[in-house]
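> Dropping the structure in here first, questions after.
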Amino acid sequence: MELTRKQESLIRSLYTRHGRRKAGLCVCEGLRAAGELFMRAPELVRFTVATEAAAGELAIPGELHRVPVEKLRELAGTVNSQGILAVAAIPPEPDAAEAPADPFLLAIDRLGDPGNFGTICRTLRAAGLTELWYTKGSVDPYGDKAIRSALGAQFALKLRGFDDLEALRAAAQSYGYPSVWLTDPHGGESCFSAAKLYERSVIVIGGEANGVTPLAGAQRVMIPMPGNYESLNAAQAATIFLFEYVRRTMNTE
């Protein structure tokens, strides 16, 4: 099936935040990211553009446009596109009546780097969790860079966005997660000894530039750093918190 000029124009527009908001669509690029989308949420796929070689690598749902390598390179947002990109609907947020199932919630506050965001999505999946909450000012979860970094992991997660930490805490409390822990590189309880850290709580990872927004009544938690270093990046910190949860869970089985 031949790709139309209208479809080409649409693809190019989806590499901008404005274009994604207007169309309600995103572009998922690369074999692993597209493969995750096809497996986890095939109903979201509107059409796929692929080279002959890449088309044979995956079971592609729905409308497929086979194009020459040169055309795919022209449309893709990367130098090495791996020969495939899919246009998909941006998933709706879970209904407010649908309570989270995770034992605790991980949230990001004004985290702007798509690489850190993508790593956190992948680590959440690896740790067996299903939700990621975020505040306004964070990276667009369905931007092309965020999708490539996450390898499409956001399509397997439930993402919920909030105006600020106050709104996020209110929602968490309504679902039975009463305590909020703000990560802090300089003070608070150690993540390795805080007894109630993962008990119906929210753990908030701050943005790269300014850290976590202050929140009255929240508790502080830190990662001990004997090397007395300034701080870890957001994705590294999230990984430590998530796999401390995994370690505790495995030790109680």
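Letters A, B, ... mark the chains of the structure tokens in the order given; residue numbers begin at 1 per chain; ligand numbers begin at 1, in order shown.
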Assign secondary structure with DSSP using the backbone only, and return the residues of range 4-129 of chain A in helix (DSSP H, G or I) as a PyMOL selection string.
chain A and resi 5-13+17-23+31-40+42-44+52-55+69-75+114-126
> I'd like the neighbourhood of Tyr177 in chain A as number ranges by chain, where a residue qualifies if any of its atoms comes within 7 Å (using only C-alpha atoms), though same-chain residues fewer than 6 positions away should be ignored.
A: 200-202
> Find, counting only C-alpha atoms, the residue in A:Val221, A:Ala50, A:Ile120, A:Ala172 that gets nearest to Asn233 in chain A.
A:Ile120
> So which one's closest to Leu111 in chain A, A:Gly19, A:Pro214, A:Gly206, A:Gly227? Using only C-alpha atoms, please.
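Among the listed residues, the smallest separation from Leu111 in chain A belongs to A:Gly206.
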> Within 12 Å of Ser149 in chain A, counting only C-alpha atoms, which residues show up once you throw out same-chain ones fewer than 5 positions away? Write them as a ChimeraX atom specification, please.
/A:28-30,32-33,113-123,141-144,154,235
> Report as a list in words all protein, DNA and RNA residues lying within 10 Å of Ile11 in chain A, evaluated on only C-alpha atoms, omitting residues in the same chain fewer than 6 positions from it.
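Those residues are Arg5, Gly19, Arg20, Leu25, Cys26, Val27, Val49, Leu75, Ala76, Gly77, Leu85, Ala86 and Val87 of chain A.
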> Have a look at CA of Arg160 in chain A and CA of Trp133 in chain A and let me know their distance in Å, one decimal.
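Result for CA of Arg160 in chain A versus CA of Trp133 in chain A: 4.8 Å, one decimal.
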> Can you pull out every residue within 10 Å of Met1 in chain A, counting only C-alpha atoms, but drop anything in the same chain fewer than 5 positions away, and send it as a count of residues only?
6
